[in-house]
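The next block is work23.txt, given as compact mmCIF, C-alpha atoms.
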# COMPACT_ATOMS: atom_id res chain seq x y z
CA MET E 1 -47.27 -77.33 34.86
CA HIS E 2 -49.34 -76.12 31.96
CA ARG E 3 -51.15 -72.86 31.59
CA GLY E 4 -54.59 -73.31 33.23
CA HIS E 5 -53.48 -76.72 34.48
CA ASP E 6 -51.86 -75.93 37.78
CA HIS E 7 -52.48 -78.97 39.93
CA ASP E 8 -50.22 -81.91 40.68
CA HIS E 9 -51.41 -85.20 39.12
CA ASP E 10 -50.18 -87.16 42.12
CA GLN E 11 -52.59 -85.37 44.45
CA PHE E 12 -56.07 -86.77 44.75
CA HIS E 13 -59.32 -84.94 45.14
CA PRO E 14 -61.40 -86.36 48.05
CA PHE E 15 -64.19 -87.37 45.65
CA ASP E 16 -61.93 -89.12 43.14
CA PRO E 17 -62.02 -92.93 42.97
CA PRO E 18 -58.92 -94.72 44.30
CA ARG E 19 -56.14 -94.98 41.74
CA ALA E 20 -52.45 -95.56 41.46
CA PRO E 21 -50.28 -92.45 40.99
CA ARG E 22 -49.29 -91.93 37.35
CA GLY E 23 -47.41 -89.38 35.29
CA HIS E 24 -49.06 -86.75 33.10
CA ASN E 25 -48.91 -88.78 29.88
CA HIS E 26 -50.34 -92.06 31.18
CA THR E 27 -51.46 -94.68 28.66
CA GLU E 28 -53.93 -96.65 30.79
CA ALA E 29 -57.58 -96.53 29.79
CA THR E 30 -59.83 -94.40 31.95
CA ALA E 31 -62.50 -96.28 33.85
CA GLN E 32 -66.01 -94.86 34.12
CA TRP E 33 -66.96 -94.89 37.78
CA GLN E 34 -69.75 -92.35 38.00
CA THR E 35 -73.39 -93.31 37.85
CA PRO E 36 -75.10 -91.21 35.19
CA HIS E 37 -78.01 -89.13 36.41
CA GLU E 38 -81.30 -90.52 35.16
CA PRO E 39 -84.89 -89.91 36.21
CA ASP E 40 -86.09 -92.12 39.06
CA ALA E 41 -88.57 -93.80 36.72
CA ALA E 42 -85.71 -95.00 34.50
CA HIS E 43 -84.83 -97.71 37.01
CA PRO E 44 -87.88 -99.60 38.27
CA ALA E 45 -87.45 -101.13 41.70
CA ASP E 46 -86.17 -104.65 41.03
CA ASP E 47 -85.71 -106.85 44.05
CA HIS E 48 -84.30 -109.76 42.04
CA THR E 49 -80.96 -110.04 40.35
CA HIS E 50 -80.70 -110.89 36.69
CA GLU E 51 -79.29 -114.21 35.62
CA PRO E 52 -75.89 -113.97 33.95
CA ASP E 53 -76.09 -114.27 30.15
CA PHE E 54 -79.90 -114.15 30.29
CA ASP E 55 -79.98 -112.64 26.80
CA LEU E 56 -78.29 -115.80 25.50
CA VAL E 57 -80.91 -117.99 27.20
CA GLU E 58 -83.68 -115.93 25.59
CA LYS E 59 -81.95 -116.14 22.20
CA ALA E 60 -81.71 -119.93 22.50
CA PHE E 61 -85.43 -120.04 23.27
CA THR E 62 -86.36 -117.89 20.25
CA ASP E 63 -84.16 -120.01 17.97
CA ALA E 64 -85.57 -123.34 19.16
CA PHE E 65 -89.25 -122.65 19.87
CA PRO E 66 -90.55 -122.40 16.28
CA ALA E 67 -89.17 -125.85 15.44
CA VAL E 68 -90.27 -127.85 18.50
CA LYS E 69 -92.84 -130.61 17.97
CA ASP E 70 -94.38 -130.30 21.44
CA PRO E 71 -94.52 -126.60 22.39
CA THR E 72 -96.33 -127.25 25.69
CA SER E 73 -93.61 -129.57 26.98
CA PHE E 74 -90.92 -127.19 25.73
CA LEU E 75 -92.53 -124.35 27.70
CA ARG E 76 -92.56 -126.50 30.84
CA LEU E 77 -88.88 -127.40 30.35
CA THR E 78 -87.93 -123.74 30.00
CA GLY E 79 -89.82 -122.70 33.14
CA ILE E 80 -92.67 -120.83 31.47
CA PRO E 81 -95.88 -121.68 33.38
CA LEU E 82 -99.09 -122.35 31.48
CA LEU E 83 -101.11 -121.29 34.53
CA ALA E 84 -99.54 -118.81 36.90
CA VAL E 85 -100.25 -116.64 39.90
CA ALA E 86 -100.02 -112.92 39.12
CA GLY E 87 -98.47 -110.42 41.50
CA ASP E 88 -101.97 -109.32 42.53
CA GLY E 89 -102.95 -112.93 43.36
CA GLY E 90 -105.07 -113.48 40.25
CA THR E 91 -104.69 -116.36 37.82
CA LEU E 92 -102.89 -115.94 34.51
CA SER E 93 -103.53 -118.40 31.66
CA LEU E 94 -101.02 -118.56 28.80
CA LEU E 95 -102.72 -117.98 25.45
CA ARG E 96 -99.87 -117.55 23.01
CA VAL E 97 -96.17 -117.11 22.45
CA ALA E 98 -95.60 -114.26 20.01
CA GLN E 99 -92.31 -113.99 18.14
CA GLU E 100 -91.61 -111.24 15.65
CA ASN E 101 -88.63 -110.56 13.40
CA VAL E 102 -88.40 -107.01 12.11
CA VAL E 103 -85.96 -105.82 9.45
CA ASP E 104 -85.78 -102.06 8.85
CA ILE E 105 -84.83 -101.49 5.21
CA GLY E 106 -85.79 -97.84 4.65
CA ALA E 107 -85.84 -94.47 6.37
CA LEU E 108 -88.16 -91.47 6.22
CA ALA E 109 -87.09 -87.86 6.63
CA PRO E 110 -89.68 -85.07 6.78
CA HIS E 111 -89.37 -82.15 4.38
CA LEU E 112 -89.52 -78.61 5.74
CA GLY E 113 -93.05 -77.88 6.91
CA GLY E 114 -93.66 -81.54 7.69
CA GLU E 115 -96.38 -82.15 5.08
CA SER E 116 -94.28 -84.43 2.90
CA PHE E 117 -91.37 -86.76 3.40
CA ARG E 118 -88.39 -88.25 1.68
CA TYR E 119 -87.87 -92.03 1.54
CA ASP E 120 -84.41 -93.57 1.32
CA PRO E 121 -83.66 -97.30 1.12
CA LEU E 122 -80.91 -98.20 3.59
CA PRO E 123 -77.59 -99.62 2.43
CA ALA E 124 -76.88 -103.13 3.69
CA ALA E 125 -74.54 -101.87 6.43
CA MET E 126 -77.34 -99.74 7.92
CA VAL E 127 -80.15 -102.31 7.80
CA SER E 128 -81.26 -103.14 11.33
CA ARG E 129 -82.79 -106.38 12.58
CA ARG E 130 -84.79 -106.85 15.78
CA GLU E 131 -86.46 -109.82 17.34
CA SER E 132 -89.20 -109.58 19.91
CA LEU E 133 -90.70 -112.27 22.10
CA ALA E 134 -93.84 -111.96 24.20
CA PHE E 135 -95.91 -114.33 26.32
CA VAL E 136 -99.56 -113.35 26.18
CA TYR E 137 -101.53 -114.31 29.28
CA PHE E 138 -105.22 -113.78 30.08
CA ASP E 139 -105.95 -112.51 33.59
CA GLY E 140 -109.74 -112.99 33.55
CA LYS E 141 -110.43 -109.50 32.19
CA ALA E 142 -107.77 -108.66 29.62
CA THR E 143 -104.58 -109.97 28.07
CA ARG E 144 -101.15 -109.18 29.49
CA SER E 145 -98.02 -109.31 27.38
CA LEU E 146 -94.96 -110.41 29.38
CA SER E 147 -91.30 -110.66 28.47
CA PHE E 148 -89.38 -113.93 28.69
CA GLU E 149 -87.86 -112.89 32.02
CA GLU E 150 -91.23 -111.80 33.44
CA ALA E 151 -92.92 -115.04 32.37
CA ARG E 152 -90.14 -117.18 33.88
CA ALA E 153 -90.44 -115.25 37.15
CA LEU E 154 -94.16 -116.11 37.52
CA ALA E 155 -95.15 -118.57 40.23
CA PRO E 156 -96.82 -121.60 38.62
CA LYS E 157 -100.38 -122.28 39.71
CA LEU E 158 -101.26 -125.89 40.38
CA ASP E 159 -104.36 -126.89 38.42
CA ALA E 160 -106.58 -129.33 40.31
CA THR E 161 -108.28 -130.55 37.12
CA ARG E 162 -105.17 -132.08 35.59
Once more with this new file: its structure as structure tokens, please.
Amino acid sequence: MHRGHDHDHDQFHPFDPPRAPRGHNHTEATAQWQTPHEPDAAHPADDHTHEPDFDLVEKAFTDAFPAVKDPTSFLRLTGIPLLAVAGDGGTLSLLRVAQENVVDIGALAPHLGGESFRYDPLPAAMVSRRESLAFVYFDGKATRSLSFEEARALAPKLDATR
């Protein structure tokens, strides 16, 4: 036993996760089993489960959509409704698909006092790239910007005029 370390490693605390007994100098990686404490608002109540590899599906969409010759048919194939029923029962009409590529190439740092700043171009290893995708629907009063997952989860509305 070590100074200040006077418990037996083969004994388990009642709140510890199940594990196999090991010696003091074990080489196995430690598994994180706790749930970090976050505010309740950090996890909105989702009743649906996420599709596996959904980020890859969205990436495939963003790669292919700009080059398609018939965007309307492509949207139908990918499950994005042109007319949809909103959660409140209203009708949503798809106006646009907005894709944006952002490349951050510089950084600002405020000087003491905050009235001026310093600009530094970023070295290539620190340049960041982000893509965003939004589906802009009109709900009869205003536009709503939905993510790929939110748009795919909409219930399509059957249009009697088509």
When you draw a straight line from CA of Leu92 (chain E) to CA of Pro66 (chain E), how long is it in Å?
22.9 Å
If we count all atoms listed in the file, what is near Val136 (chain E) at a cut-off of 12 Å, once residues fewer than 5 positions away on the same chain are taken out, given as number ranges by chain?
E: 80-83, 92-99, 142-148, 150-151
How many Å lie between CA of Val103 (chain E) and CA of Arg129 (chain E), rounded to one decimal?
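Interatomic distance here is 4.5 Å.
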Tell me which of E:Lys141, E:His111, E:Arg152, E:Arg130 sits closest to Thr78 (chain E), counting all atoms listed in the file.
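Ranking E:Lys141, E:His111, E:Arg152, E:Arg130 by distance to Thr78 (chain E), first place goes to E:Arg152.
Between CA of Asp63 (chain E) and CA of Asn101 (chain E) there is a distance of 11.4 Å.
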Return the single residue from E:Pro71, E:Gly106, E:Gly87, E:Pro52 that is closest to Leu154 (chain E), with distances computed using all atoms listed in the file.
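Among the listed residues, the smallest separation from Leu154 (chain E) belongs to E:Gly87.
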